[in-house]
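Enquirer: Input upload_30.cif, format and content: mmCIF, C-alpha atoms.
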data_final
loop_
_atom_site.label_atom_id
_atom_site.label_comp_id
_atom_site.auth_asym_id
_atom_site.auth_seq_id
_atom_site.Cartn_x
_atom_site.Cartn_y
_atom_site.Cartn_z
CA MET B 76 -84.01 -20.71 26.96
CA SER B 77 -84.88 -18.42 24.06
CA THR B 78 -88.21 -17.33 22.60
CA THR B 79 -86.72 -16.03 19.35
CA ALA B 80 -87.34 -17.93 16.14
CA ASP B 81 -84.53 -20.27 15.19
CA PRO B 82 -84.05 -20.78 11.42
CA VAL B 83 -81.96 -23.93 11.90
CA THR B 84 -83.83 -27.11 11.03
CA ILE B 85 -83.18 -30.02 13.37
CA THR B 86 -84.18 -33.66 12.93
CA GLU B 87 -87.45 -35.10 14.13
CA HIS B 88 -85.58 -37.29 16.61
CA GLU B 89 -83.80 -34.26 18.05
CA ARG B 90 -87.10 -32.38 18.27
CA GLU B 91 -88.63 -35.29 20.15
CA GLN B 92 -85.72 -35.31 22.60
CA VAL B 93 -86.17 -31.58 23.24
CA GLU B 94 -89.91 -31.99 23.79
CA ARG B 95 -89.32 -34.87 26.17
CA ALA B 96 -86.80 -32.81 28.16
CA ASN B 97 -89.17 -29.85 28.34
CA ALA B 98 -92.07 -32.03 29.46
CA GLY B 99 -90.35 -32.89 32.76
CA THR B 100 -88.41 -31.22 35.54
CA ALA B 101 -85.13 -33.15 35.32
CA THR B 102 -81.98 -31.27 34.32
CA PRO B 103 -81.15 -31.93 30.66
CA VAL B 104 -77.74 -33.31 29.72
CA VAL B 105 -76.69 -32.73 26.11
CA PHE B 106 -74.03 -35.13 24.81
CA VAL B 107 -71.95 -33.86 21.88
CA HIS B 108 -70.05 -36.44 19.85
CA GLY B 109 -66.69 -35.90 18.23
CA LEU B 110 -65.07 -36.48 14.87
CA TRP B 111 -65.36 -39.99 13.37
CA LEU B 112 -68.25 -40.91 15.69
CA LEU B 113 -72.04 -40.62 15.75
CA PRO B 114 -74.58 -39.80 18.51
CA SER B 115 -74.96 -43.55 19.07
CA SER B 116 -71.53 -43.45 20.74
CA TRP B 117 -73.29 -41.88 23.74
CA GLU B 118 -76.06 -44.48 24.19
CA ARG B 119 -74.62 -46.03 27.36
CA TRP B 120 -73.83 -42.62 28.82
CA ALA B 121 -77.36 -41.40 28.14
CA ALA B 122 -78.86 -44.40 29.95
CA PHE B 123 -76.39 -43.97 32.83
CA PHE B 124 -77.27 -40.31 33.35
CA GLU B 125 -80.98 -41.00 33.07
CA GLU B 126 -80.68 -43.61 35.80
CA ALA B 127 -79.06 -40.86 37.89
CA GLY B 128 -82.10 -38.61 37.45
CA TYR B 129 -81.20 -36.49 34.42
CA VAL B 130 -82.82 -36.38 30.99
CA ALA B 131 -80.41 -37.07 28.12
CA LEU B 132 -80.23 -35.61 24.64
CA THR B 133 -77.86 -36.98 21.98
CA PRO B 134 -77.98 -34.57 19.04
CA GLY B 135 -75.97 -35.14 15.92
CA TRP B 136 -73.91 -32.82 13.80
CA PRO B 137 -75.75 -31.40 10.77
CA ASP B 138 -76.87 -34.17 8.39
CA ASP B 139 -75.57 -37.02 10.56
CA PRO B 140 -76.82 -40.43 9.40
CA GLU B 141 -78.60 -42.50 12.02
CA THR B 142 -76.38 -45.57 11.87
CA VAL B 143 -72.75 -46.52 11.26
CA ALA B 144 -73.83 -48.57 8.24
CA GLU B 145 -75.62 -45.58 6.68
CA ALA B 146 -72.61 -43.36 7.38
CA LYS B 147 -70.21 -45.74 5.66
CA ALA B 148 -72.56 -46.13 2.70
CA ASN B 149 -72.90 -42.36 2.22
CA PRO B 150 -69.72 -40.69 3.53
CA ASP B 151 -70.09 -37.53 1.46
CA VAL B 152 -72.89 -36.34 3.75
CA PHE B 153 -70.21 -35.35 6.28
CA ALA B 154 -68.12 -33.30 3.86
CA GLY B 155 -67.57 -29.60 4.36
CA LYS B 156 -68.92 -29.30 7.90
CA GLY B 157 -66.92 -26.75 9.91
CA ILE B 158 -66.65 -26.00 13.62
CA GLY B 159 -68.78 -22.84 13.48
CA GLU B 160 -71.64 -24.53 11.63
CA ILE B 161 -71.63 -27.49 14.00
CA ALA B 162 -71.48 -25.28 17.11
CA ASP B 163 -74.39 -23.18 15.84
CA TYR B 164 -76.40 -26.33 15.20
CA GLU B 165 -75.80 -27.64 18.72
CA GLU B 166 -76.66 -24.22 20.18
CA SER B 167 -79.91 -24.13 18.22
CA ILE B 168 -80.95 -27.37 19.91
CA ILE B 169 -79.91 -26.16 23.36
CA ARG B 170 -81.86 -22.91 22.96
CA ARG B 171 -85.04 -24.91 22.40
CA LEU B 172 -84.74 -26.25 25.96
CA ASP B 173 -86.64 -24.58 28.79
CA ARG B 174 -83.67 -24.90 31.15
CA LYS B 175 -79.92 -24.57 30.72
CA PRO B 176 -78.51 -28.06 30.26
CA VAL B 177 -75.31 -29.71 31.29
CA VAL B 178 -73.16 -30.18 28.16
CA ILE B 179 -70.76 -33.11 27.84
CA GLY B 180 -68.57 -33.65 24.79
CA HIS B 181 -65.65 -35.75 23.64
CA SER B 182 -62.75 -34.86 21.32
CA PHE B 183 -64.04 -32.27 18.84
CA GLY B 184 -67.25 -32.61 20.81
CA GLY B 185 -65.17 -31.51 23.80
CA LEU B 186 -64.07 -28.42 21.90
CA LEU B 187 -67.70 -27.78 20.91
CA THR B 188 -68.62 -28.13 24.57
CA GLU B 189 -66.11 -25.43 25.48
CA ILE B 190 -67.42 -23.19 22.70
CA LEU B 191 -71.02 -23.66 23.88
CA ALA B 192 -70.09 -23.06 27.51
CA GLY B 193 -68.26 -19.93 26.39
CA ARG B 194 -71.49 -18.76 24.76
CA GLY B 195 -73.18 -19.02 28.16
CA VAL B 196 -75.70 -21.74 27.30
CA ALA B 197 -74.49 -24.46 29.71
CA ALA B 198 -75.36 -24.85 33.40
CA ALA B 199 -72.15 -26.90 33.72
CA SER B 200 -69.92 -28.69 31.25
CA VAL B 201 -67.53 -31.62 30.90
CA ALA B 202 -65.00 -31.57 28.05
CA ILE B 203 -63.39 -34.98 27.57
CA SER B 204 -60.09 -35.05 25.67
CA PRO B 205 -61.08 -31.77 23.99
CA ALA B 206 -59.56 -30.77 20.67
CA PRO B 207 -57.41 -27.64 20.95
CA PHE B 208 -58.65 -24.09 20.35
CA ARG B 209 -56.92 -20.83 19.50
CA GLY B 210 -54.36 -20.05 22.21
CA VAL B 211 -53.61 -23.68 23.06
CA LEU B 212 -50.02 -24.00 21.88
CA PRO B 213 -48.65 -27.52 22.56
CA LEU B 214 -48.55 -29.81 19.52
CA PRO B 215 -47.15 -33.20 20.52
CA ILE B 216 -45.98 -35.48 17.72
CA SER B 217 -48.70 -38.05 18.42
CA ALA B 218 -51.41 -35.39 18.01
CA LEU B 219 -49.86 -34.23 14.75
CA ARG B 220 -49.75 -37.82 13.51
CA SER B 221 -53.42 -38.34 14.41
CA ALA B 222 -54.51 -35.12 12.67
CA SER B 223 -52.37 -35.81 9.61
CA VAL B 224 -54.96 -38.32 8.44
CA GLY B 225 -56.96 -35.33 7.23
CA ILE B 226 -54.58 -32.41 6.88
CA LYS B 227 -51.65 -34.07 5.08
CA ASN B 228 -53.40 -33.40 1.78
CA PRO B 229 -54.81 -29.86 1.31
CA THR B 230 -57.39 -31.18 -1.15
CA ASN B 231 -59.03 -33.08 1.72
CA ARG B 232 -60.39 -29.89 3.29
CA ASN B 233 -63.89 -30.17 1.85
CA LYS B 234 -63.99 -33.95 1.92
CA ALA B 235 -65.11 -36.60 4.38
CA ILE B 236 -62.20 -38.75 5.53
CA PRO B 237 -62.58 -42.26 6.98
CA LEU B 238 -60.05 -43.87 9.29
CA THR B 239 -58.43 -47.15 8.37
CA TYR B 240 -58.30 -49.69 11.16
CA GLU B 241 -54.60 -48.96 11.68
CA GLN B 242 -55.31 -45.23 11.98
CA PHE B 243 -58.18 -45.86 14.40
CA ARG B 244 -55.98 -48.20 16.43
CA TYR B 245 -53.36 -45.48 16.82
CA SER B 246 -55.62 -42.46 17.29
CA PHE B 247 -58.41 -43.98 19.39
CA ALA B 248 -57.82 -47.53 20.55
CA ASN B 249 -54.13 -47.68 21.49
CA ALA B 250 -54.89 -48.41 25.17
CA VAL B 251 -57.12 -51.45 24.63
CA GLY B 252 -56.50 -54.99 23.35
CA GLU B 253 -56.59 -55.94 19.69
CA ASP B 254 -59.98 -57.69 19.86
CA GLU B 255 -61.64 -54.75 21.57
CA ALA B 256 -60.01 -52.30 19.18
CA LYS B 257 -61.52 -54.17 16.21
CA GLU B 258 -64.95 -54.22 17.87
CA LEU B 259 -64.79 -50.48 18.50
CA TYR B 260 -63.70 -49.77 14.93
CA LEU B 261 -66.51 -51.81 13.42
CA GLY B 262 -69.11 -50.58 15.88
CA TYR B 263 -68.38 -46.87 16.06
CA SER B 264 -65.94 -45.48 13.48
CA VAL B 265 -67.45 -43.47 10.62
CA PRO B 266 -66.05 -40.97 8.08
CA GLY B 267 -65.68 -37.42 9.35
CA PRO B 268 -65.29 -33.97 7.82
CA ALA B 269 -61.69 -32.88 7.44
CA GLU B 270 -62.60 -29.20 7.76
CA PRO B 271 -62.46 -29.13 11.62
CA LEU B 272 -58.96 -30.63 11.50
CA PHE B 273 -57.76 -27.85 9.21
CA GLN B 274 -59.47 -25.22 11.35
CA ALA B 275 -57.90 -26.49 14.57
CA ALA B 276 -54.47 -26.81 12.95
CA ALA B 277 -54.54 -23.19 11.76
CA ALA B 278 -56.26 -21.71 14.81
CA ASN B 279 -53.17 -19.98 16.17
CA LEU B 280 -52.41 -18.45 12.78
CA ASN B 281 -55.92 -17.20 12.06
CA PRO B 282 -57.40 -14.45 14.29
CA TRP B 283 -60.84 -15.21 12.83
CA SER B 284 -60.62 -18.94 13.45
CA GLU B 285 -63.84 -20.76 14.27
CA ALA B 286 -61.78 -22.86 16.71
CA LYS B 287 -62.04 -20.08 19.27
CA VAL B 288 -63.42 -20.22 22.82
CA ASP B 289 -64.61 -17.38 25.04
CA THR B 290 -62.94 -18.64 28.20
CA LYS B 291 -63.67 -15.50 30.23
CA ASN B 292 -67.45 -15.29 29.86
CA PRO B 293 -68.84 -15.02 33.43
CA GLU B 294 -71.85 -17.05 32.26
CA ARG B 295 -69.65 -19.99 31.28
CA GLY B 296 -70.55 -22.09 34.33
CA PRO B 297 -68.51 -24.78 36.12
CA MET B 298 -66.29 -26.86 33.83
CA LEU B 299 -64.44 -30.14 34.15
CA ILE B 300 -61.82 -31.26 31.64
CA ILE B 301 -61.11 -34.99 31.57
CA SER B 302 -57.84 -36.17 30.03
CA ALA B 303 -56.51 -39.65 29.28
CA ASP B 304 -52.88 -40.29 30.14
CA SER B 305 -52.24 -42.45 27.04
CA ASP B 306 -54.25 -40.36 24.58
CA HIS B 307 -52.43 -39.99 21.26
CA THR B 308 -54.97 -37.62 19.71
CA VAL B 309 -55.35 -35.17 22.61
CA PRO B 310 -52.36 -35.79 24.88
CA TRP B 311 -52.17 -34.40 28.40
CA ALA B 312 -50.12 -31.42 27.19
CA ILE B 313 -53.04 -30.23 25.04
CA ALA B 314 -55.74 -30.94 27.64
CA ASN B 315 -53.73 -29.24 30.38
CA ALA B 316 -53.08 -26.19 28.20
CA SER B 317 -56.82 -25.96 27.54
CA TYR B 318 -57.43 -26.21 31.29
CA LYS B 319 -54.99 -23.38 32.01
CA LYS B 320 -56.84 -21.17 29.53
CA GLU B 321 -60.23 -22.09 31.00
CA ALA B 322 -58.96 -21.64 34.58
CA ARG B 323 -58.78 -17.88 33.95
CA ASN B 324 -62.56 -17.90 34.20
CA ASP B 325 -64.01 -16.82 37.53
CA GLY B 326 -66.09 -19.99 37.65
CA VAL B 327 -65.05 -23.43 38.86
CA THR B 328 -62.58 -25.10 36.49
CA GLU B 329 -61.14 -28.54 37.21
CA ILE B 330 -59.12 -31.18 35.39
CA VAL B 331 -58.79 -34.93 35.92
CA LYS B 332 -56.35 -37.36 34.30
CA MET B 333 -57.63 -40.91 33.77
CA LYS B 334 -54.90 -43.53 34.10
CA GLY B 335 -54.24 -46.17 31.46
CA ARG B 336 -56.75 -44.70 29.02
CA GLY B 337 -56.63 -43.64 25.38
CA HIS B 338 -58.82 -41.46 23.18
CA ALA B 339 -61.53 -44.13 23.10
CA LEU B 340 -62.20 -43.64 26.82
CA THR B 341 -65.86 -42.74 26.25
CA ILE B 342 -66.66 -45.82 24.17
CA ASP B 343 -64.31 -48.57 25.32
CA SER B 344 -64.95 -51.09 28.10
CA GLY B 345 -63.85 -48.59 30.74
CA TRP B 346 -66.42 -45.97 29.76
CA ARG B 347 -68.33 -46.26 33.03
CA GLU B 348 -65.40 -45.02 35.15
CA VAL B 349 -65.22 -41.90 32.97
CA ALA B 350 -68.99 -41.44 33.14
CA GLU B 351 -68.90 -41.74 36.93
CA THR B 352 -66.19 -39.08 37.08
CA ALA B 353 -68.29 -36.77 34.94
CA LEU B 354 -71.45 -37.48 36.93
CA ALA B 355 -69.75 -36.76 40.26
CA PHE B 356 -68.79 -33.32 38.95
CA VAL B 357 -72.20 -32.62 37.41
CA ARG B 358 -74.03 -33.55 40.63
CA ARG B 359 -72.16 -30.81 42.47
CA PHE B 360 -73.49 -28.08 40.21
CA ALA B 361 -76.63 -29.19 38.34
#
For this file, produce the structure as structure tokens.
Expert:
Amino acid sequence: MSTTADPVTITEHEREQVERANAGTATPVVFVHGLWLLPSSWERWAAFFEEAGYVALTPGWPDDPETVAEAKANPDVFAGKGIGEIADYEESIIRRLDRKPVVIGHSFGGLLTEILAGRGVAAASVAISPAPFRGVLPLPISALRSASVGIKNPTNRNKAIPLTYEQFRYSFANAVGEDEAKELYLGYSVPGPAEPLFQAAAANLNPWSEAKVDTKNPERGPMLIISADSDHTVPWAIANASYKKEARNDGVTEIVKMKGRGHALTIDSGWREVAETALAFVRRFA
């Protein structure tokens, strides 16, 4: 997409994914993970989209460990990462591609997806339970409770914060059974930087917030927002407010509400239904 030199250093695995995408003619799909997860949370989605004829990339955030075990053993590697730095990192990977990709993200990855689409680097995008950006006003109690894990203590700002099982159960896995919730916690949950939580919380008070989206860029491309009706972390009120902001764009903007689903909708046993919803949208435009 760009021939200019990019000073950002990406991992060897990410470089290999870019080279593989550029070696073929399939449309790339870039999956952006959210807070408290790793790129491995997209493994089933990547295989699903590749079976559908796309080529998948699963980049991390800067300095992401490769495995959940490594992340838990070295949590400080996540500390201090902000929305702007992470968005720039993802964009640096996208700009190494020969063709505009589809971008799909979940939670803070959904917000990053909207930021990237607003920068005009996506052929189409799907933001799943996206974290709020500046101008999105609703703040339901459940969302405040979920975010309070990080923001209740101002000294957390430059730290990496893990979720306890009880916090994960409330914020992610409230719509699944106890056994599945424990499996998801052990298999996916990792510490995450608190900085994005503080940035999102203060977005409407800070005109220079990094949690800002250019919703009116004519190069944004078609966008789908997927919401979960039982999501504690990003309730419908937040997702719908994001949709109303994005709908001001001249491009196609749609929203879907998944029934009986919580914030873990991309990783729980019902992930395929969400992936099929995303794929149906993507096939129309890319």
Enquirer: Got a sec to resolve the PyMOL selection byres ((chain B and resi 237) around 6) on this structure and send the residues as a ChimeraX atom specification?
Expert: /B:236,238,266
Enquirer: I need the residue set behind the PyMOL selection byres ((chain B and resi 122-124) around 12) for this file; please write it as a ChimeraX atom specification.
Expert: /B:101-106,115-121,125-133,177,179,346-355,357-358
Enquirer: Apply the PyMOL selection byres ((chain B and resi 142) around 10) to the structure shown and report the selected residues as a PyMOL selection string.
Expert: chain B and resi 113-115+139-141+143-148+262-263+265
Enquirer: Ranking B:Ala206, B:Ile168, B:Leu259, B:Ala269 by minimum distance to Phe153 (chain B) and counting only C-alpha atoms, which one comes first?
Expert: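 Smallest distance to Phe153 (chain B) is found for B:Ala269.
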Enquirer: Quick one: of B:Leu261, B:Ala250, B:Val93, B:Ile226, who's nearest to Phe273 (chain B), counting only C-alpha atoms?
Expert: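 The closest residue to Phe273 (chain B) is B:Ile226.
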Enquirer: Name all residues at most 8 Å from Pro271 (chain B) (count all atoms listed in the file; drop same-chain ones fewer than 2 positions away) and give them as a ChimeraX atom specification.
Expert: /B:156-158,268-269,273-275
Enquirer: Using only C-alpha atoms, which residues sit within 8 Å of Trp136 (chain B) once same-chain residues fewer than 5 positions away are excluded, as a PDB file with C-alpha atoms, in the frame of the given file?
Expert:
ATOM      1  CA  ILE B 161     -71.630 -27.490  14.000  1.00  0.00           C
ATOM      2  CA  TYR B 164     -76.400 -26.330  15.200  1.00  0.00           C
ATOM      3  CA  GLU B 165     -75.800 -27.640  18.720  1.00  0.00           C
TER       4      GLU B 165
END
